[in-house]
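Here is the structure we will look at, set down as structure tokens.
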Amino acid sequence: MTAIAMAEQERRQTVTVFFIDIVGFTSLVDDLDCAVVRALQRDYFSTVSEVVRDGGGVVEKYVGDAVMAVFGTGSGGFGPESAASAVRVGLSVQEALRGQLLAGRFAVRTRVGLATGDVIVDLAAARDFGHGMVSGSVVSTAARLQAYAPHDTVVVCASTQAVTDKLIAYQELPPVRVAGKPYPLDLWRALQPQRVPAGVGQLCGVGAE
């Protein structure tokens, strides 16, 4: 591929990366028949992907029991509402799963981690499944935060909290040390969306998409 073709296909931009997985998935499926595992995954992925897409996100990949999605890749670009949508999707997915029995008999608990930062977005990758749609350290940060999230919570990095603080109510959690990071990461638990006073959305860029 020529440099010009790659430049047309790829672009640098800010996004919010979303990771969710099932708590205790390995022990849950260890003694299950593979057909039952598949049925459980099908119900789980279907629920998560529907909420993600309804919230404006793009599902980037499924890995085992994890789903990675990206928010802010649309033609309107990234803004506070993109990150807030990712947070609201995390809360909504957990609420949707809380009332379900996957494969007809399994209630699950999940963890969600979100991180916001710059990535290279490959617009064609989502179509050919040959490699990831986004590349950047923010991807591993979101995955790490998800792994350290308390059960049934949505946790975000400091950048996500800062850009959505007028749109989402948060509880500050103790910083965590994660593998591969030289310093502790600040951690915030998302509680619920906040009502935005008239005019605030326009002032902070909400609705730019």
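Identifiers in the structure tokens: chain A, B, ... in order shown; residue index from 1 per chain; ligand index from 1 in order shown.
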
Residues at most 6 Å from segment 95-105 of chain A, counting only C-alpha atoms, excluding those fewer than 3 positions away in the same chain, as a PyMOL selection string?
-> chain A and resi 39-40+43+92

Residues at most 9 Å from Val155 of chain A, counting only C-alpha atoms, excluding those fewer than 4 positions away in the same chain, as a ChimeraX atom specification?
-> /A:87,111-115,145-146,148-150,173,187-190

Between A:Ala147, A:Val52, A:Ala84, A:Val138, which is the closest to Gly24 of chain A once you count only C-alpha atoms?
-> A:Ala147

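Using only C-alpha atoms, the smallest distance between any of A:Arg53, A:Gly180, A:Asp122, A:Phe25 and Val37 of chain A comes from A:Phe25.
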
DSSP-assigned helix (DSSP H, G or I) among segment 81-155 of chain A, expressed as a ChimeraX atom specification | /A:81-98,125-128,137-148

If you run DSSP over the backbone, which residues in segment 6-74 of chain A end up strand (DSSP E or B)? Put them as a ChimeraX atom specification.
-> /A:10-22,58-63,66-71

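Between atom CA of Arg144 of chain A and atom CA of Glu50 of chain A the separation is 23.9 Å.
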